[in-house]
file entry.cif (mmCIF, C-alpha atoms)
data_data
loop_
_atom_site.label_atom_id
_atom_site.label_comp_id
_atom_site.auth_asym_id
_atom_site.auth_seq_id
_atom_site.Cartn_x
_atom_site.Cartn_y
_atom_site.Cartn_z
CA MET A 1101 34.56 -17.62 -14.93
CA LEU A 1102 34.62 -21.11 -13.44
CA ARG A 1103 37.28 -21.91 -10.88
CA LEU A 1104 38.23 -25.57 -10.55
CA ASP A 1105 38.92 -25.42 -6.80
CA ILE A 1106 38.52 -28.32 -4.40
CA ASN A 1107 35.11 -27.19 -3.15
CA THR A 1108 33.69 -27.03 -6.69
CA THR A 1109 35.09 -30.47 -7.46
CA PHE A 1110 33.54 -32.17 -4.44
CA THR A 1111 30.22 -30.34 -4.85
CA TYR A 1112 29.72 -31.64 -8.38
CA PHE A 1113 31.09 -35.06 -7.46
CA TRP A 1114 28.65 -35.67 -4.61
CA LEU A 1115 25.69 -34.26 -6.54
CA PHE A 1116 26.50 -36.87 -9.17
CA VAL A 1117 26.86 -39.65 -6.60
CA ASP A 1118 23.40 -38.88 -5.17
CA GLY A 1119 21.77 -39.63 -8.51
CA MET A 1120 23.63 -42.80 -9.45
CA ASN A 1121 22.12 -46.27 -9.80
CA ARG A 1122 23.15 -49.64 -8.44
CA GLN A 1123 26.01 -49.99 -10.96
CA ALA A 1124 27.69 -46.89 -9.58
CA PHE A 1125 27.04 -48.06 -6.01
CA ILE A 1126 28.95 -51.26 -6.76
CA ILE A 1127 31.86 -49.19 -8.07
CA PHE A 1128 31.95 -47.21 -4.85
CA ILE A 1129 31.94 -50.43 -2.83
CA ILE A 1130 35.01 -51.45 -4.82
CA ILE A 1131 36.66 -48.07 -4.15
CA PHE A 1132 36.34 -48.45 -0.40
CA SER A 1133 37.02 -52.18 -0.22
CA PRO A 1134 40.40 -53.00 1.34
CA THR A 1135 43.14 -54.51 -0.81
CA LEU A 1136 46.16 -56.46 0.35
CA LEU A 1137 49.57 -54.77 0.38
CA LEU A 1138 51.26 -57.50 -1.59
CA ALA A 1139 55.04 -57.71 -1.45
CA GLN A 1140 57.00 -57.55 -4.70
CA VAL A 1141 57.72 -61.04 -6.02
CA PRO A 1142 60.48 -62.06 -8.48
CA TYR A 1143 59.72 -62.58 -12.17
CA SER A 1144 59.96 -66.36 -11.71
CA GLN A 1145 56.89 -66.25 -9.45
CA GLN A 1146 54.92 -63.78 -11.57
CA LYS A 1147 52.48 -64.80 -14.29
CA ASP A 1148 51.28 -63.04 -17.43
CA ALA A 1149 49.25 -63.90 -20.52
CA ILE A 1150 52.34 -65.17 -22.33
CA ASP A 1151 53.03 -67.63 -19.49
CA LEU A 1152 49.46 -68.93 -19.74
CA LEU A 1153 49.80 -69.48 -23.50
CA ARG A 1154 53.16 -71.22 -23.04
CA THR A 1155 51.57 -73.54 -20.46
CA ALA A 1156 48.59 -74.25 -22.71
CA PHE A 1157 50.86 -75.18 -25.63
CA ASP A 1158 53.45 -76.94 -23.41
CA ILE A 1159 56.36 -74.68 -24.42
CA SER A 1160 59.34 -75.28 -22.12
CA LYS A 1161 61.97 -73.11 -23.82
CA PRO A 1162 63.06 -70.28 -21.44
CA ARG A 1163 61.54 -66.86 -22.13
CA LYS A 1164 63.56 -63.88 -23.17
CA THR A 1165 62.82 -60.51 -21.63
CA ASP A 1166 61.07 -57.94 -23.81
CA SER A 1167 62.11 -54.56 -25.21
CA THR A 1168 62.59 -53.00 -21.76
CA SER A 1169 65.69 -55.19 -21.37
CA LEU A 1170 67.09 -54.66 -24.85
CA LYS A 1171 70.85 -54.58 -25.05
CA GLU A 1172 72.39 -51.51 -26.66
CA GLY A 1173 72.22 -51.78 -30.41
CA GLY A 1174 69.56 -54.49 -30.28
CA LYS A 1175 66.01 -54.48 -31.58
CA VAL A 1176 62.80 -56.50 -31.28
CA VAL A 1177 60.16 -56.79 -34.04
CA ALA A 1178 56.64 -58.02 -33.26
CA PHE A 1179 53.41 -58.43 -35.21
CA LEU A 1180 50.34 -58.31 -32.96
CA PRO A 1181 46.74 -58.97 -34.05
CA ASN A 1182 44.31 -57.41 -31.61
CA VAL A 1183 40.57 -57.17 -31.00
CA GLY A 1184 38.89 -54.53 -28.86
CA TYR A 1185 35.90 -52.36 -28.19
CA ALA A 1186 35.26 -48.62 -27.83
CA PRO A 1187 31.98 -46.66 -27.67
CA GLN A 1188 32.71 -44.67 -30.84
CA SER A 1189 33.67 -47.74 -32.90
CA ARG A 1190 32.03 -50.73 -31.18
CA PHE A 1191 34.05 -53.89 -31.85
CA LEU A 1192 37.29 -53.51 -33.79
CA VAL A 1193 40.03 -55.61 -35.33
CA GLN A 1194 43.55 -54.22 -35.31
CA PHE A 1195 46.90 -55.33 -36.67
CA VAL A 1196 50.00 -53.84 -35.06
CA THR A 1197 53.60 -53.99 -36.24
CA ASN A 1198 55.91 -52.97 -33.40
CA VAL A 1199 59.66 -52.34 -33.56
CA ALA A 1200 61.68 -51.57 -30.42
CA LEU A 1201 65.35 -50.63 -30.51
CA LYS A 1202 67.87 -49.21 -28.09
CA ASN A 1203 70.73 -46.85 -28.91
CA THR A 1204 73.80 -46.51 -26.70
CA ASN A 1205 72.93 -45.19 -23.23
CA ALA A 1206 69.42 -44.24 -24.38
CA ASN A 1207 65.79 -44.97 -23.66
CA VAL A 1208 64.06 -47.64 -25.75
CA SER A 1209 62.75 -46.26 -29.06
CA ILE A 1210 59.37 -47.46 -30.33
CA PHE A 1211 57.96 -47.58 -33.89
CA ASN A 1212 54.36 -48.69 -34.53
CA ILE A 1213 52.26 -49.24 -37.65
CA LEU A 1214 48.58 -49.91 -36.95
CA ALA A 1215 45.74 -50.86 -39.28
CA THR A 1216 42.25 -50.83 -37.74
CA TYR A 1217 38.74 -51.63 -38.97
CA THR A 1218 35.67 -51.24 -36.75
CA GLN A 1219 32.08 -52.45 -36.55
CA ASN A 1220 31.00 -48.88 -37.39
CA ARG A 1221 32.87 -49.16 -40.72
CA GLN A 1222 35.65 -46.86 -39.61
CA SER A 1223 39.09 -47.52 -41.08
CA ILE A 1224 42.32 -46.16 -39.62
CA LEU A 1225 45.93 -46.42 -40.79
CA GLN A 1226 48.38 -45.00 -38.26
CA GLY A 1227 52.15 -44.73 -37.91
CA THR A 1228 53.80 -43.49 -34.71
CA SER A 1229 57.36 -43.28 -33.44
CA SER A 1230 59.24 -42.21 -30.32
CA TYR A 1231 62.93 -42.23 -31.15
CA PHE A 1232 65.79 -41.51 -28.73
CA SER A 1233 69.26 -40.94 -30.16
CA LYS A 1234 72.54 -41.93 -28.49
CA ASN A 1235 72.74 -40.69 -24.88
CA ASN A 1236 69.15 -39.40 -25.23
CA LYS A 1237 70.55 -36.25 -26.83
CA TYR A 1238 67.68 -35.96 -29.33
CA PHE A 1239 64.06 -37.10 -29.25
CA PHE A 1240 62.05 -37.42 -32.45
CA SER A 1241 58.32 -38.17 -32.45
CA THR A 1242 55.89 -38.89 -35.29
CA ASP A 1243 52.11 -39.29 -35.44
CA TRP A 1244 50.68 -39.91 -38.92
CA ARG A 1245 47.05 -41.01 -39.41
CA LEU A 1246 44.69 -41.55 -42.32
CA MET A 1247 41.08 -42.10 -41.26
CA ASN A 1248 37.67 -42.69 -42.81
CA TYR A 1249 35.59 -41.95 -39.75
CA PRO A 1250 31.79 -41.99 -39.44
CA GLN A 1251 30.98 -40.53 -36.01
CA SER A 1252 28.27 -38.69 -34.09
CA THR A 1253 28.69 -35.05 -33.15
CA TYR A 1254 26.77 -33.11 -30.50
CA GLY A 1255 27.53 -29.42 -31.04
CA LEU A 1256 29.52 -26.92 -28.98
CA GLY A 1257 29.57 -26.31 -25.25
CA MET A 1258 28.42 -28.28 -22.22
CA ASN A 1259 24.65 -27.83 -22.69
CA THR A 1260 24.23 -30.45 -25.40
CA SER A 1261 22.15 -33.63 -25.23
CA LEU A 1262 23.40 -37.21 -25.46
CA ASP A 1263 20.22 -38.37 -27.25
CA LYS A 1264 20.49 -35.68 -29.93
CA GLY A 1265 23.72 -36.77 -31.60
CA ILE A 1266 24.05 -35.97 -35.30
CA ASP A 1267 25.63 -38.66 -37.50
CA MET A 1268 28.38 -37.44 -39.81
CA ASN A 1269 31.28 -38.81 -41.80
CA PHE A 1270 34.65 -37.36 -42.78
CA ARG A 1271 38.12 -38.25 -44.02
CA TYR A 1272 41.04 -37.14 -41.90
CA LEU A 1273 44.77 -36.82 -42.61
CA LYS A 1274 47.01 -36.03 -39.63
CA LEU A 1275 50.75 -35.37 -39.95
CA TYR A 1276 52.55 -34.40 -36.71
CA GLN A 1277 56.34 -34.21 -36.35
CA THR A 1278 58.46 -33.01 -33.43
CA LEU A 1279 62.24 -32.80 -32.97
CA MET A 1280 63.53 -32.09 -29.46
CA ARG A 1281 66.94 -31.73 -27.82
CA SER A 1282 67.88 -32.65 -24.29
CA VAL A 1283 68.90 -29.65 -22.17
CA ALA A 1284 68.91 -31.40 -18.78
CA SER A 1285 68.15 -34.81 -17.34
CA GLY A 1286 64.62 -35.68 -18.49
CA LEU A 1287 64.04 -32.20 -19.98
CA TYR A 1288 63.68 -31.54 -23.74
CA VAL A 1289 62.91 -28.49 -25.85
CA GLY A 1290 62.19 -28.47 -29.57
CA ILE A 1291 60.15 -27.50 -32.59
CA GLY A 1292 57.70 -29.29 -34.83
CA TYR A 1293 55.01 -29.10 -37.47
CA GLN A 1294 51.33 -30.13 -37.33
CA PHE A 1295 48.99 -30.64 -40.28
CA ASP A 1296 45.28 -31.49 -39.93
CA TYR A 1297 43.15 -31.96 -43.04
CA HIS A 1298 39.45 -32.93 -42.92
CA TRP A 1299 37.54 -33.47 -46.16
CA LYS A 1300 34.52 -35.25 -47.69
CA ILE A 1301 32.49 -34.13 -44.70
CA GLN A 1302 29.00 -35.60 -45.04
CA SER A 1303 25.76 -35.69 -43.11
CA LEU A 1304 24.35 -39.17 -42.49
CA THR A 1305 20.98 -37.72 -41.49
CA GLU A 1306 18.13 -36.65 -43.74
CA ASP A 1307 18.86 -32.93 -43.37
CA ASP A 1308 21.99 -30.80 -43.32
CA ILE A 1309 21.98 -29.99 -39.60
CA VAL A 1310 25.68 -30.85 -39.60
CA THR A 1311 26.22 -27.69 -41.64
CA GLU A 1312 24.37 -25.64 -39.04
CA ILE A 1313 26.41 -27.12 -36.18
CA SER A 1314 29.86 -27.17 -37.75
CA GLY A 1315 29.82 -24.52 -40.47
CA TYR A 1316 31.17 -26.98 -43.05
CA SER A 1317 29.78 -27.30 -46.56
CA LEU A 1318 28.69 -30.89 -46.98
CA GLY A 1319 29.96 -33.34 -49.57
CA THR A 1320 33.15 -33.14 -51.58
CA SER A 1321 33.42 -29.36 -51.09
CA GLY A 1322 33.42 -29.58 -47.27
CA ALA A 1323 36.98 -29.35 -45.99
CA SER A 1324 39.26 -27.63 -43.51
CA VAL A 1325 43.02 -27.35 -43.10
CA SER A 1326 45.04 -26.45 -40.00
CA SER A 1327 48.75 -26.18 -40.70
CA GLY A 1328 51.47 -24.59 -38.62
CA PRO A 1329 54.75 -24.80 -36.65
CA THR A 1330 54.98 -25.75 -32.99
CA VAL A 1331 57.29 -25.08 -30.06
CA ALA A 1332 57.42 -27.85 -27.47
CA LEU A 1333 58.74 -28.41 -23.94
CA LEU A 1334 58.83 -31.90 -22.44
CA PHE A 1335 59.85 -33.29 -19.05
CA ASP A 1336 59.63 -37.01 -18.33
CA ASN A 1337 61.26 -38.94 -15.50
CA ARG A 1338 58.72 -41.78 -15.26
CA THR A 1339 60.12 -45.18 -14.35
CA ASN A 1340 58.16 -46.93 -17.09
CA ALA A 1341 56.14 -45.07 -19.73
CA MET A 1342 53.98 -48.15 -20.40
CA SER A 1343 52.90 -48.60 -16.77
CA PRO A 1344 54.41 -45.92 -14.50
CA SER A 1345 54.64 -46.51 -10.75
CA ARG A 1346 56.36 -43.22 -9.92
CA GLY A 1347 57.60 -40.04 -11.59
CA PHE A 1348 56.33 -36.94 -13.37
CA TYR A 1349 55.46 -36.16 -16.99
CA ALA A 1350 54.73 -32.70 -18.41
CA ASN A 1351 54.29 -31.67 -22.04
CA MET A 1352 53.60 -28.17 -23.40
CA VAL A 1353 52.98 -27.53 -27.10
CA LEU A 1354 52.34 -24.06 -28.55
CA LYS A 1355 51.08 -23.99 -32.15
CA GLN A 1356 50.64 -21.11 -34.60
CA THR A 1357 48.31 -22.06 -37.46
CA LEU A 1358 48.97 -19.95 -40.57
CA LYS A 1359 47.07 -19.20 -43.77
CA SER A 1360 50.44 -18.89 -45.51
CA LEU A 1361 50.95 -22.63 -44.86
CA GLY A 1362 47.55 -23.61 -46.28
CA SER A 1363 45.29 -23.15 -43.26
CA ASN A 1364 41.75 -21.84 -43.54
CA THR A 1365 42.44 -19.30 -40.77
CA ASN A 1366 45.19 -18.01 -38.51
CA TYR A 1367 44.78 -19.17 -34.92
CA GLN A 1368 46.86 -20.22 -31.91
CA SER A 1369 46.59 -23.23 -29.61
CA LEU A 1370 48.26 -24.27 -26.36
CA LEU A 1371 48.35 -27.84 -25.02
CA LEU A 1372 49.26 -28.50 -21.37
CA ASP A 1373 49.48 -32.17 -20.36
CA ALA A 1374 50.75 -33.11 -16.86
CA ARG A 1375 50.80 -36.49 -15.08
CA LYS A 1376 52.06 -37.43 -11.60
CA TYR A 1377 52.45 -40.92 -10.14
CA PHE A 1378 52.75 -41.85 -6.44
CA ASN A 1379 54.04 -45.29 -5.45
CA LEU A 1380 51.97 -45.85 -2.29
CA SER A 1381 53.36 -49.23 -1.29
CA GLY A 1382 56.99 -48.93 -2.39
CA ASN A 1383 56.73 -52.01 -4.63
CA GLY A 1384 54.48 -50.71 -7.43
CA ASN A 1385 51.45 -52.74 -6.30
CA HIS A 1386 49.52 -49.64 -5.20
CA VAL A 1387 49.80 -46.48 -7.31
CA LEU A 1388 47.91 -43.19 -7.26
CA ALA A 1389 47.95 -41.48 -10.67
CA LEU A 1390 46.86 -37.91 -11.43
CA TRP A 1391 46.30 -36.43 -14.91
CA SER A 1392 45.60 -32.87 -15.99
CA TYR A 1393 44.94 -32.30 -19.71
CA ASN A 1394 44.15 -28.80 -20.95
CA PHE A 1395 43.79 -27.46 -24.50
CA PHE A 1396 43.23 -23.75 -25.21
CA THR A 1397 42.75 -21.97 -28.55
CA HIS A 1398 42.51 -18.36 -29.70
CA GLY A 1399 41.01 -17.31 -33.02
CA HIS A 1400 38.62 -18.99 -35.45
CA VAL A 1401 39.20 -22.75 -35.18
CA PRO A 1402 37.59 -25.23 -37.63
CA TYR A 1403 34.93 -27.33 -35.88
CA LEU A 1404 36.71 -30.70 -36.13
CA ASP A 1405 40.01 -29.21 -34.90
CA MET A 1406 38.50 -27.84 -31.68
CA PRO A 1407 39.40 -29.59 -28.40
CA SER A 1408 36.98 -32.44 -27.75
CA THR A 1409 36.38 -35.42 -25.47
CA GLY A 1410 38.53 -38.38 -26.46
CA TRP A 1411 40.50 -36.57 -29.16
CA ASP A 1412 43.79 -36.39 -27.26
CA THR A 1413 46.81 -38.08 -28.83
CA ASN A 1414 46.04 -41.54 -27.44
CA VAL A 1415 42.21 -41.19 -27.52
CA ASN A 1416 41.94 -41.70 -23.76
CA THR A 1417 40.37 -38.63 -22.15
CA GLY A 1418 36.79 -38.87 -20.96
CA ARG A 1419 36.24 -42.46 -19.87
CA GLY A 1420 32.52 -42.64 -19.21
CA PHE A 1421 31.68 -40.70 -22.39
CA ILE A 1422 31.70 -41.36 -26.12
CA GLN A 1423 34.45 -39.74 -28.19
CA GLY A 1424 33.44 -36.22 -29.32
CA ARG A 1425 30.75 -35.88 -26.63
CA TYR A 1426 31.82 -32.36 -25.58
CA ARG A 1427 33.56 -29.88 -27.86
CA GLY A 1428 34.58 -26.25 -27.51
CA GLN A 1429 37.33 -23.74 -28.21
CA ASN A 1430 38.88 -24.53 -24.80
CA LEU A 1431 38.91 -27.73 -22.77
CA MET A 1432 39.98 -28.53 -19.20
CA TYR A 1433 40.21 -32.10 -17.92
CA LEU A 1434 41.25 -33.72 -14.62
CA GLU A 1435 41.44 -37.44 -13.81
CA THR A 1436 42.45 -39.46 -10.75
CA GLU A 1437 43.08 -43.20 -10.77
CA TYR A 1438 44.01 -45.67 -8.03
CA ARG A 1439 45.76 -48.80 -9.34
CA PHE A 1440 46.22 -51.96 -7.28
CA THR A 1441 47.32 -55.58 -7.63
CA LEU A 1442 44.71 -58.28 -7.00
CA THR A 1443 46.81 -61.46 -7.07
CA ARG A 1444 50.24 -62.24 -5.69
CA ASN A 1445 51.47 -63.51 -9.07
CA GLN A 1446 50.65 -60.07 -10.60
CA LEU A 1447 48.39 -61.60 -13.28
CA PHE A 1448 45.31 -59.60 -12.25
CA GLY A 1449 44.94 -56.05 -11.03
CA GLY A 1450 42.28 -53.41 -10.78
CA VAL A 1451 41.68 -49.68 -10.91
CA VAL A 1452 39.06 -47.20 -9.78
CA PHE A 1453 38.93 -43.77 -11.37
CA SER A 1454 37.04 -40.49 -11.52
CA ASN A 1455 37.32 -37.57 -13.91
CA LEU A 1456 35.98 -34.05 -14.47
CA GLN A 1457 35.77 -32.22 -17.79
CA THR A 1458 34.53 -28.90 -19.07
CA VAL A 1459 34.61 -27.03 -22.39
CA SER A 1460 34.02 -23.34 -22.98
CA GLU A 1461 30.64 -22.08 -24.19
CA PRO A 1462 30.51 -20.87 -27.83
CA ASP A 1463 29.10 -17.41 -27.07
CA THR A 1464 30.96 -16.39 -23.91
CA ARG A 1465 34.07 -18.66 -24.11
CA ARG A 1466 33.60 -19.19 -20.37
CA PHE A 1467 33.56 -22.47 -18.46
CA ASN A 1468 30.08 -22.65 -16.94
CA LYS A 1469 29.57 -26.35 -16.20
CA ILE A 1470 31.57 -29.38 -15.07
CA MET A 1471 30.67 -32.94 -16.08
CA PRO A 1472 31.98 -35.79 -13.84
CA ALA A 1473 32.40 -39.51 -14.43
CA ILE A 1474 33.48 -42.48 -12.33
CA GLY A 1475 34.40 -46.05 -13.10
CA ALA A 1476 36.35 -49.20 -12.31
CA GLY A 1477 38.43 -51.60 -14.34
CA LEU A 1478 40.26 -54.90 -14.55
CA ARG A 1479 43.93 -55.24 -15.50
CA ILE A 1480 45.35 -58.43 -17.05
CA ARG A 1481 49.16 -58.57 -17.16
CA VAL A 1482 50.24 -59.16 -20.76
CA ASN A 1483 54.00 -58.88 -20.22
CA LYS A 1484 55.50 -59.11 -16.73
CA PHE A 1485 58.85 -57.62 -17.75
CA SER A 1486 57.45 -54.36 -19.17
CA ARG A 1487 54.40 -54.39 -16.82
CA ALA A 1488 52.18 -54.00 -19.90
CA ASN A 1489 48.50 -54.64 -19.17
CA LEU A 1490 45.28 -55.22 -21.05
CA ALA A 1491 42.92 -52.63 -19.57
CA ILE A 1492 39.17 -53.26 -19.44
CA ASP A 1493 37.22 -50.34 -17.92
CA TYR A 1494 33.59 -49.50 -17.34
CA GLY A 1495 32.72 -45.82 -16.89
CA ILE A 1496 29.56 -43.95 -15.94
CA GLY A 1497 29.21 -40.33 -17.05
CA GLY A 1498 27.18 -37.60 -15.40
CA ASP A 1499 25.02 -37.16 -18.52
CA GLY A 1500 23.72 -40.73 -18.37
CA SER A 1501 26.49 -42.28 -20.47
CA ARG A 1502 27.64 -45.81 -19.65
CA ASN A 1503 30.47 -47.27 -21.69
CA LEU A 1504 32.98 -50.13 -21.81
CA TYR A 1505 36.60 -49.49 -22.84
CA PHE A 1506 39.50 -51.71 -23.91
CA ASN A 1507 43.06 -50.40 -23.95
CA PHE A 1508 46.56 -51.83 -24.28
CA GLY A 1509 48.65 -50.29 -21.53
CA GLU A 1510 47.46 -47.89 -18.90
CA VAL A 1511 45.17 -45.05 -19.96
CA PHE A 1512 47.75 -42.48 -18.79
#
call {"tool": "encode", "arguments": {"input": "entry.cif", "output": "structure tokens"}}
result
Amino acid sequence: MLRLDINTTFTYFWLFVDGMNRQAFIIFIIIFSPTLLLAQVPYSQQKDAIDLLRTAFDISKPRKTDSTSLKEGGKVVAFLPNVGYAPQSRFLVQFVTNVALKNTNANVSIFNILATYTQNRQSILQGTSSYFSKNNKYFFSTDWRLMNYPQSTYGLGMNTSLDKGIDMNFRYLKLYQTLMRSVASGLYVGIGYQFDYHWKIQSLTEDDIVTEISGYSLGTSGASVSSGPTVALLFDNRTNAMSPSRGFYANMVLKQTLKSLGSNTNYQSLLLDARKYFNLSGNGNHVLALWSYNFFTHGHVPYLDMPSTGWDTNVNTGRGFIQGRYRGQNLMYLETEYRFTLTRNQLFGGVVFSNLQTVSEPDTRRFNKIMPAIGAGLRIRVNKFSRANLAIDYGIGGDGSRNLYFNFGEVF
């Protein structure tokens, strides 16, 4: 059984560094380059993308603060067109409808509707919500998705090859609901329901190797259902969920998938997601962020419902690798990121990051191999009041992967 101790981590990390090319060397130069400890400046001296647009169009009317400064009972509605890029989709166009509201003595509640179409002919319709009732007594979350999603798959375990991806297509309906009650400051407990339905699973290759890898019957008959109740525990005292500079986040979700609720099989899963943020400079200009994401299952899990790279809730694990690169019945993931401000007006910032991931092998269910990645990124301040950034990252994976990533907000 693999132990993720500090010696193992550094052994794999330095073995990876020894074999990197000039691109990775540049990233390491960035990591060890000094940055200025910039003092916090008032909003009037800060700049963001909105300020640049207002200057370009000569708009002199004073700005209002965004949803983080909503008065109780108020709401903000925004429609945001967006373009981006991800390895699994290539270029994409996205339309976002965002509603923010604030109940009495409560955190800001967020509702999003997203419609996305990608260069790889993937289409996604998604609705999400994070709702806080009066005095934060109740927390209600929703994640609904309908996807038509051509994508490569690589098989199970860590001993798969990047150049032997198998093209497949599937439709995916995801319905996740959670209702939680506050039991202490920042601490919630609750129950929920999760439904995953994959159908019209097709091979885009000339043979049916997808059937051999996944166990699905191809075509209209290929389908799987995972349906079951959940028990959840959440703690969150972060200063700003969009761009945290300090605090701790931990989420535990235990799910029991049941045939009696329409599932193909009975199985259990446990999600453990923890994040810690250290404000190194006292003003939020230098932050060390740590992320541990772990997903364990027991029983016979349908192939597309197994834990996999980049299939976390926000599709952010595994920078340096394409989505779905590693898949197994259990997954362990660790990431470290150093965030820093580049300019005094806060318009530009940067990050350097490294991560480690491993999935269990299909025969032994043991963790036998760790795969590292490193990278660096640019941050462009989109909204100075909420500290929301446009994130542009370049990651290099230990299997030879090299990928560019766009994200709105920090990755974690």
call {"tool": "closest_atom_pairs", "arguments": {"input": "entry.cif", "of": "region 1357-1407 of chain A", "to": "region 1438-1441 of chain A", "cutoff": "9 Å", "atoms": "only C-alpha atoms", "output": "Markdown table"}}
result
| residue | atom | partner | partner_atom | distance |
| --- | --- | --- | --- | --- |
| A:Gly1384 | CA | A:Phe1440 | CA | 8.4 |
| A:Asn1385 | CA | A:Thr1441 | CA | 5.2 |
| A:His1386 | CA | A:Phe1440 | CA | 4.5 |
| A:Val1387 | CA | A:Arg1439 | CA | 5.1 |
| A:Leu1388 | CA | A:Tyr1438 | CA | 4.7 |
| A:Ala1389 | CA | A:Tyr1438 | CA | 6.3 |
| A:Leu1390 | CA | A:Tyr1438 | CA | 8.9 |
call {"tool": "residues_around", "arguments": {"input": "entry.cif", "residues": "Asn1205 (chain A)", "least_positions_apart": "2", "cutoff": "7 Å", "atoms": "all atoms listed in the file", "output": "MDAnalysis selection string"}}
result
chainID A and resid 1203 1234:1235
call {"tool": "closest_residue", "arguments": {"input": "entry.cif", "among": "A:Ser1233, A:Thr1278, A:Gln1302, A:Gln1145", "to": "Ser1209 (chain A)", "atoms": "only C-alpha atoms"}}
result
A:Ser1233
call {"tool": "closest_residue", "arguments": {"input": "entry.cif", "among": "A:Ser1230, A:Gln1356, A:Gln1222, A:Gln1251", "to": "Ile1210 (chain A)", "atoms": "all atoms listed in the file"}}
result
A:Ser1230
call {"tool": "closest_residue", "arguments": {"input": "entry.cif", "among": "A:Thr1365, A:Gly1497, A:Asn1468, A:Thr1443", "to": "Arg1481 (chain A)", "atoms": "only C-alpha atoms"}}
result
A:Thr1443
call {"tool": "closest_residue", "arguments": {"input": "entry.cif", "among": "A:Asp1493, A:Glu1437, A:Asp1296, A:Phe1348", "to": "Met1406 (chain A)", "atoms": "only C-alpha atoms"}}
result
A:Asp1296
call {"tool": "atom_distance", "arguments": {"input": "entry.cif", "atom1": "CA of Tyr1293 (chain A)", "atom2": "CA of Gln1368 (chain A)"}}
result
13.3 Å
call {"tool": "resolve_selection", "arguments": {"input": "entry.cif", "expression": "the PyMOL selection byres ((chain A and resi 1499-1506) around 10)", "output": "PyMOL selection string"}}
result
chain A and resi 1116+1120+1123+1183-1188+1190-1191+1260-1263+1416+1419-1422+1425+1471-1475+1477-1478+1490-1498+1507-1509+1511
call {"tool": "residues_around", "arguments": {"input": "entry.cif", "residues": "Ile1480 (chain A)", "least_positions_apart": "3", "cutoff": "9 Å", "atoms": "all atoms listed in the file", "output": "list in words"}}
result
Asp1148, Ala1149, Gln1446, Leu1447, Phe1448, Gly1449, Gly1450, Ala1488, Asn1489, Leu1490, Ala1491 and Ile1492 of chain A
call {"tool": "closest_residue", "arguments": {"input": "entry.cif", "among": "A:Leu1370, A:Thr1436, A:Lys1175, A:Lys1202", "to": "Ala1476 (chain A)", "atoms": "all atoms listed in the file"}}
result
A:Thr1436
call {"tool": "atom_distance", "arguments": {"input": "entry.cif", "atom1": "CA of Ser1285 (chain A)", "atom2": "CA of Phe1335 (chain A)"}}
result
8.6 Å
call {"tool": "closest_residue", "arguments": {"input": "entry.cif", "among": "A:Ser1327, A:Ser1486, A:Asn1351, A:Ser1343", "to": "Ala1374 (chain A)", "atoms": "only C-alpha atoms"}}
result
A:Asn1351
call {"tool": "atom_distance", "arguments": {"input": "entry.cif", "atom1": "CA of Leu1279 (chain A)", "atom2": "CA of Phe1232 (chain A)"}}
result
10.3 Å
call {"tool": "residues_around", "arguments": {"input": "entry.cif", "residues": "Gly1428 (chain A)", "least_positions_apart": "5", "cutoff": "9 Å", "atoms": "all atoms listed in the file", "output": "ChimeraX atom specification"}}
result
/A:1255-1258,1403,1406-1408,1458-1462,1465
call {"tool": "residues_near_point", "arguments": {"input": "entry.cif", "point": "(59.9, -29.4, -38.0)", "cutoff": "12 Å", "atoms": "only C-alpha atoms", "output": "PyMOL selection string"}}
result
chain A and resi 1240-1242+1275-1280+1290-1295+1327-1332+1355
call {"tool": "resolve_selection", "arguments": {"input": "entry.cif", "expression": "the PyMOL selection byres ((chain A and resi 1314) around 8)", "output": "list of chain:residue names"}}
result
A:Gly1255, A:Val1310, A:Thr1311, A:Glu1312, A:Ile1313, A:Gly1315, A:Tyr1316, A:Pro1402, A:Tyr1403, A:Leu1404
call {"tool": "resolve_selection", "arguments": {"input": "entry.cif", "expression": "the PyMOL selection byres ((chain A and resi 1196) around 9)", "output": "ChimeraX atom specification"}}
result
/A:1178-1182,1194-1195,1197-1198,1212-1216
call {"tool": "residues_near_point", "arguments": {"input": "entry.cif", "point": "(64.1, -34.4, -19.3)", "cutoff": "8 Å", "atoms": "all atoms listed in the file", "output": "MDAnalysis selection string"}}
result
chainID A and resid 1282:1288 1334:1337
call {"tool": "decode", "arguments": {"input": "entry.cif", "residues": "region 1270-1281 of chain A", "atoms": "C-alpha atoms", "output": "PDB file, in the first residue's frame"}}
result
ATOM      1  CA  PHE A1270     -21.943   9.895 -24.194  1.00  0.00           C
ATOM      2  CA  ARG A1271     -24.900  11.860 -22.884  1.00  0.00           C
ATOM      3  CA  TYR A1272     -24.882  12.734 -19.200  1.00  0.00           C
ATOM      4  CA  LEU A1273     -27.612  13.918 -16.820  1.00  0.00           C
ATOM      5  CA  LYS A1274     -26.478  14.981 -13.341  1.00  0.00           C
ATOM      6  CA  LEU A1275     -28.912  15.977 -10.570  1.00  0.00           C
ATOM      7  CA  TYR A1276     -27.323  16.763  -7.177  1.00  0.00           C
ATOM      8  CA  GLN A1277     -29.213  18.358  -4.266  1.00  0.00           C
ATOM      9  CA  THR A1278     -28.078  19.001  -0.687  1.00  0.00           C
ATOM     10  CA  LEU A1279     -29.875  20.596   2.269  1.00  0.00           C
ATOM     11  CA  MET A1280     -27.766  21.454   5.327  1.00  0.00           C
ATOM     12  CA  ARG A1281     -28.390  23.068   8.708  1.00  0.00           C
TER      13      ARG A1281
END
